[in-house]
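Q: Sharing final_19.cif below, mmCIF, C-alpha atoms:
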data_my_file
loop_
_atom_site.label_atom_id
_atom_site.label_comp_id
_atom_site.auth_asym_id
_atom_site.auth_seq_id
_atom_site.Cartn_x
_atom_site.Cartn_y
_atom_site.Cartn_z
CA MET A 283 -18.45 4.01 -0.59
CA ILE A 284 -16.63 4.24 -3.92
CA VAL A 285 -13.96 1.54 -4.20
CA PRO A 286 -10.88 2.58 -6.20
CA VAL A 287 -10.10 -0.01 -8.88
CA THR A 288 -6.89 -0.51 -10.86
CA THR A 289 -6.70 -2.62 -14.00
CA VAL A 290 -4.06 -5.37 -13.79
CA GLU A 291 -3.23 -8.59 -15.62
CA LEU A 292 -3.05 -12.16 -14.37
CA PHE A 293 -1.53 -14.98 -16.36
CA ASN A 294 -4.04 -17.69 -17.25
CA VAL A 295 -1.99 -20.87 -16.91
CA VAL A 296 -4.49 -23.08 -18.73
CA ARG A 297 -4.98 -20.78 -21.74
CA ILE A 298 -1.31 -19.72 -21.60
CA LYS A 299 -2.07 -16.01 -21.99
CA PRO A 300 -2.54 -12.87 -19.89
CA GLU A 301 -6.07 -11.97 -18.78
CA ALA A 302 -7.46 -8.61 -17.63
CA ALA A 303 -8.23 -8.40 -13.92
CA GLU A 304 -9.19 -5.74 -11.39
CA LEU A 305 -7.28 -4.76 -8.27
CA LEU A 306 -9.84 -3.44 -5.79
CA HIS A 307 -8.52 -1.19 -3.02
CA ALA A 308 -10.95 -2.85 -0.63
CA ILE A 309 -12.42 -6.17 0.46
CA THR A 310 -16.14 -5.94 -0.18
CA GLU A 311 -19.09 -8.21 0.60
CA GLN A 312 -18.61 -9.77 -2.85
CA GLN A 313 -15.12 -10.97 -1.88
CA LEU A 314 -16.36 -12.41 1.40
CA ALA A 315 -19.19 -14.19 -0.43
CA ASP A 316 -16.64 -15.61 -2.90
CA TRP A 317 -14.49 -16.76 0.01
CA GLU A 318 -17.40 -18.52 1.70
CA GLY A 319 -19.03 -19.91 -1.42
CA GLU A 320 -16.02 -20.70 -3.62
CA TRP A 321 -12.72 -20.68 -1.71
CA VAL A 322 -13.78 -22.64 1.38
CA PRO A 323 -15.41 -25.56 -0.52
CA GLU A 324 -12.44 -25.79 -2.93
CA LEU A 325 -9.99 -25.68 -0.03
CA PHE A 326 -11.95 -28.40 1.75
CA LYS A 327 -11.87 -30.64 -1.33
CA ALA A 328 -8.16 -29.97 -1.84
CA MET A 329 -7.40 -30.93 1.77
CA GLN A 330 -9.43 -34.11 1.34
CA ARG A 331 -7.22 -34.99 -1.62
CA LEU A 332 -4.08 -34.28 0.41
CA ARG A 333 -5.31 -36.44 3.28
CA ARG A 334 -6.25 -39.31 0.99
CA ALA A 335 -2.82 -39.07 -0.62
CA ASP A 336 -1.23 -39.29 2.86
CA VAL A 337 0.41 -35.88 2.48
CA GLU A 338 1.86 -34.73 5.81
CA ARG A 339 -0.20 -32.11 7.63
CA ARG A 340 2.72 -29.67 7.66
CA GLN A 341 2.43 -29.54 3.87
CA TRP A 342 -1.26 -28.65 3.97
CA PRO A 343 -2.14 -24.99 3.30
CA GLN A 344 -1.04 -23.16 6.42
CA SER A 345 -3.70 -20.49 5.99
CA ARG A 346 -6.51 -23.09 6.01
CA HIS A 347 -7.97 -21.82 9.31
CA TRP A 348 -8.18 -18.16 8.19
CA ASP A 349 -11.67 -16.68 8.40
CA TRP A 350 -11.73 -13.65 6.11
CA ARG A 351 -15.21 -12.60 7.23
CA LYS A 352 -14.02 -12.31 10.83
CA LYS A 353 -10.85 -10.51 9.84
CA ALA A 354 -12.76 -8.01 7.70
CA ALA A 355 -15.34 -7.43 10.45
CA VAL A 356 -12.71 -6.69 13.11
CA LEU A 357 -10.86 -4.24 10.88
CA GLN A 358 -13.91 -2.65 9.26
CA GLY A 359 -13.57 1.14 9.06
CA MET A 360 -10.01 1.22 10.43
CA LEU A 361 -7.88 3.67 8.45
CA ALA A 362 -4.77 1.77 9.52
CA ASN A 363 -5.92 -1.50 8.00
CA PRO A 364 -6.90 -1.17 4.35
CA GLY A 365 -7.78 -4.29 2.39
CA PHE A 366 -7.09 -5.20 -1.23
CA SER A 367 -8.49 -7.86 -3.51
CA ILE A 368 -8.10 -9.08 -7.09
CA VAL A 369 -11.07 -10.05 -9.24
CA CYS A 370 -10.73 -11.95 -12.51
CA ASP A 371 -13.28 -13.93 -14.50
CA GLY A 372 -15.96 -12.75 -12.06
CA LEU A 373 -14.29 -14.33 -9.03
CA THR A 374 -12.04 -13.13 -6.23
CA GLN A 375 -8.54 -14.47 -6.90
CA GLY A 376 -6.69 -13.08 -3.89
CA MET A 377 -7.06 -10.89 -0.81
CA MET A 378 -4.75 -8.91 1.48
CA ILE A 379 -5.07 -6.82 4.65
CA VAL A 380 -2.23 -4.56 5.77
CA ASP A 381 -1.38 -2.47 8.82
CA THR A 382 0.17 0.97 8.55
CA VAL A 383 0.78 1.97 12.16
CA LYS A 384 1.80 -0.91 14.43
CA HIS A 385 5.09 -2.00 12.88
CA GLN A 386 8.36 -0.25 12.16
CA ALA A 387 11.32 -1.20 10.03
CA ARG A 388 13.94 -3.51 11.56
CA ILE A 389 16.62 -3.63 8.88
CA GLU A 390 19.90 -1.92 9.76
CA GLY A 391 19.74 1.65 8.54
CA GLN A 392 15.93 1.65 8.35
CA GLN A 393 15.16 0.97 12.01
CA GLY A 394 12.26 2.93 13.47
CA LYS A 395 10.96 4.08 10.09
CA HIS A 396 7.37 3.47 9.09
CA LEU A 397 6.42 0.60 6.82
CA VAL A 398 3.34 -1.14 5.51
CA TYR A 399 3.03 -4.47 7.32
CA VAL A 400 1.24 -7.23 5.43
CA MET A 401 -0.98 -8.91 8.02
CA PHE A 402 -2.74 -11.42 5.78
CA VAL A 403 -2.39 -12.26 2.11
CA GLU A 404 -3.93 -15.30 0.45
CA ASN A 405 -4.41 -16.70 -3.01
CA ALA A 406 -7.63 -18.46 -4.07
CA PRO A 407 -7.17 -22.25 -3.64
CA TRP A 408 -7.34 -22.93 -7.41
CA ASN A 409 -4.34 -20.62 -7.97
CA ARG A 410 -2.08 -22.55 -5.60
CA ALA A 411 0.31 -24.93 -7.27
CA GLU A 412 0.48 -27.15 -4.16
CA LEU A 413 -3.30 -27.74 -4.40
CA PHE A 414 -4.14 -27.60 -8.12
CA ASP A 415 -2.18 -28.89 -11.08
CA PRO A 416 -2.14 -26.76 -13.07
CA PRO A 417 -3.14 -23.70 -11.02
CA ARG A 418 -5.59 -21.37 -12.79
CA TYR A 419 -3.90 -17.93 -12.52
CA ARG A 420 -0.34 -16.81 -11.82
CA GLY A 421 0.68 -13.38 -10.54
CA VAL A 422 -1.84 -12.82 -7.74
CA GLY A 423 0.77 -12.67 -4.95
CA SER A 424 3.06 -10.34 -6.88
CA ILE A 425 0.23 -7.91 -7.68
CA LEU A 426 -0.87 -7.79 -4.04
CA ILE A 427 2.69 -7.21 -2.81
CA ARG A 428 3.06 -4.47 -5.44
CA ALA A 429 -0.14 -2.91 -4.05
CA ALA A 430 1.43 -2.92 -0.57
CA VAL A 431 4.55 -1.23 -1.97
CA ALA A 432 2.42 1.36 -3.81
CA LEU A 433 0.52 2.11 -0.60
CA SER A 434 3.83 2.47 1.24
CA GLU A 435 4.96 5.01 -1.36
CA GLU A 436 1.64 6.86 -1.20
CA LEU A 437 1.99 7.17 2.60
CA GLU A 438 5.60 8.40 2.14
CA PHE A 439 7.07 5.20 3.61
CA HIS A 440 9.23 4.96 0.45
CA GLY A 441 8.12 1.45 -0.47
CA ARG A 442 9.14 -0.16 2.81
CA ILE A 443 7.02 -3.20 3.66
CA GLY A 444 7.37 -6.05 6.15
CA LEU A 445 5.66 -9.35 6.88
CA HIS A 446 5.88 -12.65 8.71
CA SER A 447 5.81 -15.44 6.15
CA LEU A 448 4.11 -18.79 6.41
CA PRO A 449 6.80 -21.42 5.65
CA GLN A 450 5.28 -22.31 2.27
CA ALA A 451 5.75 -18.71 1.08
CA ASN A 452 9.33 -18.08 2.27
CA GLU A 453 10.83 -18.73 -1.14
CA PHE A 454 8.36 -16.35 -2.85
CA TYR A 455 9.22 -13.42 -0.57
CA ALA A 456 12.96 -14.06 -0.69
CA ASN A 457 13.40 -14.76 -4.39
CA THR A 458 10.40 -13.39 -6.32
CA CYS A 459 9.97 -10.27 -4.19
CA GLY A 460 13.66 -9.83 -3.29
CA MET A 461 12.95 -9.11 0.37
CA THR A 462 15.52 -9.48 3.14
CA ASP A 463 15.03 -12.50 5.41
CA LEU A 464 15.62 -11.36 8.99
CA GLY A 465 15.15 -14.85 10.39
CA ALA A 466 12.68 -16.65 12.62
CA ASP A 467 10.81 -14.34 15.00
CA PRO A 468 10.20 -16.01 18.38
CA GLU A 469 7.42 -13.50 19.09
CA HIS A 470 5.47 -14.60 15.98
CA ASP A 471 5.35 -18.40 16.26
CA SER A 472 8.92 -18.47 14.91
CA LEU A 473 7.69 -17.42 11.46
CA ARG A 474 10.43 -15.84 9.37
CA TYR A 475 10.27 -12.04 9.16
CA PHE A 476 10.90 -10.46 5.74
CA GLU A 477 11.38 -6.79 4.99
CA MET A 478 11.69 -4.76 1.80
CA THR A 479 13.86 -1.62 1.78
CA PRO A 480 13.13 1.36 -0.51
CA GLU A 481 15.87 0.12 -2.86
CA GLN A 482 14.45 -3.41 -2.93
CA ALA A 483 10.98 -1.95 -3.54
CA GLN A 484 12.27 -0.02 -6.56
CA ALA A 485 13.94 -3.15 -7.93
CA PHE A 486 10.78 -5.22 -7.39
CA ILE A 487 8.57 -2.67 -9.12
CA ALA A 488 11.05 -2.28 -11.98
CA LYS A 489 11.09 -6.05 -12.47
CA GLY A 490 7.39 -6.05 -13.36
CA ALA A 491 5.65 -9.42 -13.05
CA MET B 89 -6.70 5.64 -2.00
CA GLY B 90 -9.83 7.73 -2.28
CA ALA B 91 -10.09 11.37 -3.37
CA LYS B 92 -8.58 13.84 -0.91
CA ARG B 93 -10.13 16.95 0.60
CA THR B 94 -8.21 20.01 1.73
CA MET B 95 -8.39 21.66 5.15
CA THR B 96 -6.57 24.54 6.82
CA LEU B 97 -4.86 23.74 10.11
CA ASN B 98 -3.98 26.38 12.69
CA LEU B 99 -1.16 25.39 15.05
CA THR B 100 0.65 27.21 17.85
CA GLU B 101 4.35 27.81 17.45
CA ALA B 102 5.11 24.98 19.89
CA GLU B 103 2.85 22.57 18.01
CA MET B 104 4.43 23.52 14.71
CA GLU B 105 7.90 22.96 16.18
CA VAL B 106 6.93 19.47 17.29
CA LEU B 107 5.31 18.72 13.95
CA THR B 108 8.42 19.92 12.11
CA ALA B 109 10.77 17.90 14.32
CA LEU B 110 8.70 14.72 14.13
CA SER B 111 8.23 14.92 10.39
CA ALA B 112 12.00 15.36 9.94
CA LYS B 113 12.73 12.45 12.30
CA LYS B 114 10.26 10.15 10.56
CA ASP B 115 11.17 11.29 7.05
CA LEU B 116 7.57 12.29 6.33
CA SER B 117 5.95 15.51 5.14
CA LYS B 118 3.83 17.31 7.72
CA THR B 119 0.68 16.14 5.94
CA ALA B 120 1.84 12.51 5.91
CA LEU B 121 2.76 12.70 9.60
CA LEU B 122 -0.65 14.08 10.57
CA ARG B 123 -2.42 11.41 8.50
CA GLN B 124 -0.32 8.76 10.25
CA ALA B 125 -1.22 10.29 13.63
CA LEU B 126 -4.92 10.12 12.74
CA ARG B 127 -4.67 6.44 11.82
CA LEU B 128 -2.83 5.70 15.08
CA TYR B 129 -5.31 7.72 17.15
CA GLN B 130 -8.22 5.78 15.65
CA VAL B 131 -6.51 2.45 16.52
CA VAL B 132 -5.88 3.56 20.11
CA GLU B 133 -9.47 4.76 20.54
CA ALA B 134 -10.91 1.56 19.10
CA ARG B 135 -8.78 -0.60 21.42
CA LEU B 136 -9.66 1.50 24.49
CA GLU B 137 -13.35 1.38 23.60
CA SER B 138 -13.20 -2.40 23.39
CA GLY B 139 -11.83 -2.54 26.95
CA ASN B 140 -8.08 -2.76 26.26
CA LYS B 141 -5.44 -0.73 28.11
CA LEU B 142 -2.52 1.03 26.48
CA PHE B 143 0.95 0.19 27.85
CA PHE B 144 4.55 0.99 27.07
CA GLU B 145 6.92 -1.86 27.88
CA ASP B 146 10.61 -1.45 28.62
CA GLU B 147 12.33 -3.77 26.15
CA VAL B 148 15.00 -4.79 28.65
CA THR B 149 13.25 -4.91 32.03
CA LYS B 150 9.80 -5.75 30.57
CA GLU B 151 8.42 -3.17 33.02
CA LYS B 152 5.06 -1.84 31.85
CA ALA B 153 3.72 1.69 32.27
CA GLU B 154 0.09 2.39 31.55
CA VAL B 155 -0.68 5.40 29.38
CA MET B 156 -3.57 7.37 30.77
CA MET B 157 -5.91 8.46 27.99
CA LEU B 158 -8.15 11.43 28.71
#
Could you write out this structure as structure tokens?

A:
Amino acid sequence: MIVPVTTVELFNVVRIKPEAAELLHAITEQQLADWEGEWVPELFKAMQRLRRADVERRQWPQSRHWDWRKKAAVLQGMLANPGFSIVCDGLTQGMMIVDTVKHQARIEGQQGKHLVYVMFVENAPWNRAELFDPPRYRGVGSILIRAAVALSEELEFHGRIGLHSLPQANEFYANTCGMTDLGADPEHDSLRYFEMTPEQAQAFIAKGA
Amino acid sequence: MGAKRTMTLNLTEAEMEVLTALSAKKDLSKTALLRQALRLYQVVEARLESGNKLFFEDEVTKEKAEVMML
């Protein structure tokens, strides 16, 4: 299988300059090996530090139980569930899996229209400011959300996307991405549901980083 | 997205009417609607093959009706 690749840029926080990266329109065995061999041990060490510093559990990474190998295996070959990943400096820096059939828009005026639903999106542990000071790269989340918007446009969903946000990411989706917060969803563990309209998608893309 | 291949599709008048109406309702081109239908069909087949059943649930009464797949 040929994996489409787009060149993107991440911001290297330590070197204080942009760095070339690749957006893969897939999650390959290399990404899963990076997750197992690099992400999981770093996440484990970061959680040890949080525990030793008596940080409350609710402030620990809320995606800490995610098993990307299992997720990728279940969705393998499904046209409705493409994956995306970002590689920089030879390592996977972020991953995302979306769904293109099971969810429809909820915002007034968009109801019933198709959208790209972001099922899972995660940054490598060393890029997360709550775990590493300073984090290594900035911009991973924005590039992945832009990839979801681009897919939505490619499928003629006009940039509409939706997602349920883990509490630690609410501010990112509301302020950085400019999505509408439709409130806590009792059918999704009371996670807040965010949606991006075609107009918001245009504004987000126009904003760049 | 990967490279695309072209195919010719022959539809009856009734099928074309439905395709036209659905694509207008969903604000999609006919091609986009058929691609969406293919993705959905694959999901349904995969779930049925793994032993799941397909239901529609009435939002108000919560009454469920099983969809028979042939």

Q: Point out the residue among B:Leu126, B:Glu151, B:Asn98, B:Glu137 with the least atom-to-atom distance to chain A, counting all atoms listed in the file.

A: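 So, comparing all the options, the nearest one is B:Leu126.
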
Q: Sorted by chain and rising residue number, which residues of chain A lie within 9 Å of chain B, and what are their closest atom pairs and distances in Å to one decimal, counting all atoms listed in the file, as CSV?

A:
residue,atom,partner,partner_atom,distance
A:Ile284,CA,B:Gly90,CA,7.8
A:Val285,CA,B:Gly90,CA,7.7
A:Pro286,CA,B:Gly90,CA,6.6
A:His307,CA,B:Met89,CA,7.1
A:Met360,CA,B:Val131,CA,7.1
A:Leu361,CA,B:Arg127,CA,5.4
A:Ala362,CA,B:Arg127,CA,5.2
A:Asn363,CA,B:Arg127,CA,8.9
A:Thr382,CA,B:Gln124,CA,8.0
A:Val383,CA,B:Leu128,CA,6.0
A:Lys384,CA,B:Leu128,CA,8.1
A:Gly394,CA,B:Lys114,CA,8.0
A:Lys395,CA,B:Lys114,CA,6.1
A:His396,CA,B:Lys114,CA,7.4
A:Leu433,CA,B:Met89,CA,8.2
A:Glu436,CA,B:Met89,CA,8.5
A:Leu437,CA,B:Ala120,CA,6.3
A:Glu438,CA,B:Leu116,CA,6.0
A:Phe439,CA,B:Leu116,CA,7.6

Q: Could you tell me which of A:Tyr455, A:Tyr419, A:Trp350, A:Tyr475 comes closest to Ile368 in chain A if we count all atoms listed in the file?

A: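 Checking each of A:Tyr455, A:Tyr419, A:Trp350, A:Tyr475 against Ile368 in chain A, counting all atoms listed in the file, the winner is A:Tyr419.
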
Q: Between A:Gly423, A:Pro417, A:Pro364, A:Gly372, single out the one closest to Met401 in chain A, counting only C-alpha atoms.

A: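 Smallest separation from Met401 in chain A among the options: A:Pro364.
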
Q: Could you check which of A:Val431, A:Pro449, A:Arg410, A:Met478 is closest to Gln341 in chain A, using all atoms listed in the file?

A: A:Pro449

Q: At a cut-off of 9 Å, using only C-alpha atoms, what residues contact Ala430 in chain A? Leave out same-chain residues fewer than 6 positions from it and give the result as a ChimeraX atom specification.

A: /A:366,378,380,398-400,441-443

Q: Determine the nearest neighbour of Ile309 in chain A from the options A:Leu292, A:Ala335, A:Leu357, A:Leu473, counting all atoms listed in the file.

A: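 Using all atoms listed in the file, Ile309 in chain A sits closest to A:Leu357.
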
Q: Work out how far CA of Val322 in chain A is from CA of Val337 in chain A, in Å to one decimal.

A: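 The value is 19.4 Å.
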
Q: One decimal, Å: what's the distance from CA of Asp371 in chain A over to CA of Leu413 in chain A, could you say?

A: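 It comes out at 19.8 Å.
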
Q: Return as JSON the box centre and box size in Å, one decimal, for an axis-aligned box around all listed atoms of range 356-370 of chain A padded by 5 Å per side.

A:
{"center_x": -9.3, "center_y": -4.1, "center_z": 0.3, "size_x": 19.1, "size_y": 25.6, "size_z": 35.6}

Q: I'd like the residues picked by the PyMOL selection byres ((chain A and resi 483) around 10) written out as a list of chain:residue names, using the chain letters and numbers from the file.

A: A:Ile427, A:Arg428, A:Val431, A:Ala432, A:Ser434, A:Glu435, A:His440, A:Gly441, A:Arg442, A:Ile443, A:Cys459, A:Gly460, A:Met461, A:Glu477, A:Met478, A:Thr479, A:Pro480, A:Glu481, A:Gln482, A:Gln484, A:Ala485, A:Phe486, A:Ile487, A:Ala488, A:Lys489

Q: Give me, please, the distance in Å between CA of Leu99 in chain B and CA of Leu122 in chain B, quoted to one decimal.

A: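 That distance, rounded to one decimal, is 12.2 Å.
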
Q: For this file, the PyMOL selection byres ((chain A and resi 420) around 7) selects which residues, as a PDB file with C-alpha atoms, in the coordinates of the input?

A:
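Result saved to expr26.pdb:
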ATOM      1  CA  LEU A 292      -3.050 -12.160 -14.370  1.00  0.00           C
ATOM      2  CA  PHE A 293      -1.530 -14.980 -16.360  1.00  0.00           C
ATOM      3  CA  ASN A 294      -4.040 -17.690 -17.250  1.00  0.00           C
ATOM      4  CA  VAL A 295      -1.990 -20.870 -16.910  1.00  0.00           C
ATOM      5  CA  ASN A 409      -4.340 -20.620  -7.970  1.00  0.00           C
ATOM      6  CA  TYR A 419      -3.900 -17.930 -12.520  1.00  0.00           C
ATOM      7  CA  GLY A 421       0.680 -13.380 -10.540  1.00  0.00           C
ATOM      8  CA  VAL A 422      -1.840 -12.820  -7.740  1.00  0.00           C
TER       9      VAL A 422
END

Q: Output the residue selection produced by the PyMOL selection byres ((chain A and resi 450) around 10) on the file above, formatted as a list in words.

A: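 In the shown coordinates, the PyMOL selection byres ((chain A and resi 450) around 10) covers Arg340, Gln341, Trp342, Pro343, Gln344, Ser345, Glu412, Ser447, Leu448, Pro449, Ala451, Asn452, Glu453 and Phe454 of chain A.
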
Q: Ranking A:Asp381, A:Glu291, A:Asp415, A:Glu311 by minimum distance to Ala355 in chain A and counting all atoms listed in the file, which one comes first?

A: A:Glu311

Q: Can you pull out the residues contacting Phe143 in chain B? Cut-off 8 Å, using all atoms listed in the file, and skip same-chain residues under 3 positions away; I want them as a ChimeraX atom specification.

A: /B:152-155

Q: Around (-6.1, -11.3, 5.0), as given in the file, which residues come within 6 Å? Count only C-alpha atoms and list them as a PyMOL selection string.

A: chain A and resi 377-379+402-403

Q: Mind rebuilding range 93-107 of chain B with N, CA and C atoms and writing that out as a PDB file, in the coordinates of the input?

A:
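Resulting contents of selection35.pdb:
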ATOM      1  N   ARG B  93      -9.552  15.631   0.378  1.00  0.00           N
ATOM      2  CA  ARG B  93     -10.130  16.950   0.600  1.00  0.00           C
ATOM      3  C   ARG B  93      -9.123  17.795   1.364  1.00  0.00           C
ATOM      4  N   THR B  94      -9.195  19.106   1.137  1.00  0.00           N
ATOM      5  CA  THR B  94      -8.210  20.010   1.730  1.00  0.00           C
ATOM      6  C   THR B  94      -8.802  20.714   2.952  1.00  0.00           C
ATOM      7  N   MET B  95      -7.964  20.871   4.005  1.00  0.00           N
ATOM      8  CA  MET B  95      -8.390  21.660   5.150  1.00  0.00           C
ATOM      9  C   MET B  95      -7.241  22.565   5.601  1.00  0.00           C
ATOM     10  N   THR B  96      -7.595  23.657   6.265  1.00  0.00           N
ATOM     11  CA  THR B  96      -6.570  24.540   6.820  1.00  0.00           C
ATOM     12  C   THR B  96      -6.393  24.185   8.289  1.00  0.00           C
ATOM     13  N   LEU B  97      -5.154  24.127   8.736  1.00  0.00           N
ATOM     14  CA  LEU B  97      -4.860  23.740  10.110  1.00  0.00           C
ATOM     15  C   LEU B  97      -4.138  24.879  10.805  1.00  0.00           C
ATOM     16  N   ASN B  98      -4.657  25.329  11.930  1.00  0.00           N
ATOM     17  CA  ASN B  98      -3.980  26.380  12.690  1.00  0.00           C
ATOM     18  C   ASN B  98      -3.258  25.760  13.872  1.00  0.00           C
ATOM     19  N   LEU B  99      -1.954  25.961  13.960  1.00  0.00           N
ATOM     20  CA  LEU B  99      -1.160  25.390  15.050  1.00  0.00           C
ATOM     21  C   LEU B  99      -0.438  26.505  15.797  1.00  0.00           C
ATOM     22  N   THR B 100      -0.191  26.271  17.096  1.00  0.00           N
ATOM     23  CA  THR B 100       0.650  27.210  17.850  1.00  0.00           C
ATOM     24  C   THR B 100       2.090  27.012  17.410  1.00  0.00           C
ATOM     25  N   GLU B 101       2.933  27.920  17.823  1.00  0.00           N
ATOM     26  CA  GLU B 101       4.350  27.810  17.450  1.00  0.00           C
ATOM     27  C   GLU B 101       4.940  26.514  18.012  1.00  0.00           C
ATOM     28  N   ALA B 102       4.572  26.197  19.252  1.00  0.00           N
ATOM     29  CA  ALA B 102       5.110  24.980  19.890  1.00  0.00           C
ATOM     30  C   ALA B 102       4.644  23.739  19.136  1.00  0.00           C
ATOM     31  N   GLU B 103       3.379  23.721  18.757  1.00  0.00           N
ATOM     32  CA  GLU B 103       2.850  22.570  18.010  1.00  0.00           C
ATOM     33  C   GLU B 103       3.546  22.431  16.657  1.00  0.00           C
ATOM     34  N   MET B 104       3.766  23.562  16.011  1.00  0.00           N
ATOM     35  CA  MET B 104       4.430  23.520  14.710  1.00  0.00           C
ATOM     36  C   MET B 104       5.866  23.023  14.842  1.00  0.00           C
ATOM     37  N   GLU B 105       6.525  23.437  15.963  1.00  0.00           N
ATOM     38  CA  GLU B 105       7.900  22.960  16.180  1.00  0.00           C
ATOM     39  C   GLU B 105       7.933  21.445  16.331  1.00  0.00           C
ATOM     40  N   VAL B 106       6.988  20.917  17.088  1.00  0.00           N
ATOM     41  CA  VAL B 106       6.930  19.470  17.290  1.00  0.00           C
ATOM     42  C   VAL B 106       6.627  18.763  15.970  1.00  0.00           C
ATOM     43  N   LEU B 107       5.678  19.319  15.239  1.00  0.00           N
ATOM     44  CA  LEU B 107       5.310  18.720  13.950  1.00  0.00           C
ATOM     45  C   LEU B 107       6.515  18.714  12.997  1.00  0.00           C
TER      46      LEU B 107
END
